[in-house]
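Here's the structure, in structure tokens; my notes come after.
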Amino acid sequence: MKWRREPPNPLDVRAKLLVMLAVLSLPLLIVSLLQFHSYQVSLNDQSNTIARIETAALASTLEEWLEGNPAISAQGANIAPEIAGTLYQRLRKHAPMSSDNVISVFDAEGRVVPNPAASVPVWAPPEFQPEVAQRRWSDGVVRVTAAWRVEPSGWSVA
């Protein structure tokens, strides 16, 4: 009786190569996922910084406008639509942002100063929150939102 050696099954070799490829690729996958997470955190930090800078610029413009119109500051959100329109035009003109961003102005009591020129969504904060965060606006869209209070008037912009 002669022992015959059976030829190796090609599926066994392919399966072994596939397992070896998966094992050798696993460290690359883990490193890629860590880099992706780091990139995502970096993008979030960058968008928060941009929102903070843009809101600070808007607050400066609002403060300048309120200093030029002290009687309006006392009226709060009940200002005439023409005056509110000029306020929002000035903010849009001096805003260092793109056209897809939304601006909302709040009086000292936290009421929204309506923008008569546009039907833009309004973020209605339950209380003043100066930190930059993703918040859901009245149109249901989640946006990176920063709010800035202008002192001594108490008005704020988001």
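Letters A, B, ... mark the chains of the structure tokens in the order given; residue numbers begin at 1 per chain; ligand numbers begin at 1, in order shown.
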Would you list, as a ChimeraX atom specification, the residues of chain A that end up in alpha helix (DSSP H) under DSSP run on this structure's backbone? /A:10-68,70-75,81-94
Residues at most 10 Å from Pro81 in chain A, counting only C-alpha atoms, excluding those fewer than 4 positions away in the same chain, as JSON, numbers by chain? {"A": [77, 85, 86, 87, 113, 114, 115, 116, 117]}
With only C-alpha atoms as the counted atoms, please give the residues lying no more than 10 Å from Gln75 in chain A, apart from itself and same-chain residues fewer than 5 positions off, as a VMD selection string. chain A and resid 70 80 107 to 108
One number please: CA of Leu91 in chain A to CA of Leu66 in chain A, in Å, one decimal.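 We find that CA of Leu91 in chain A and CA of Leu66 in chain A lie 11.9 Å from each other.
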Separation of CA of His94 in chain A from CA of Thr61 in chain A in Å: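 Distance between the two atoms: 7.0 Å.
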Would you compute the distance between CA of Gln134 in chain A and CA of Ala158 in chain A? Give it in Å to one decimal.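 Computing the Euclidean distance for CA of Gln134 in chain A and CA of Ala158 in chain A yields 12.1 Å.
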Residue nearest Ala56 in chain A among A:Ile30, A:Val132, A:Val141, A:Leu17 (counting only C-alpha atoms): A:Val132
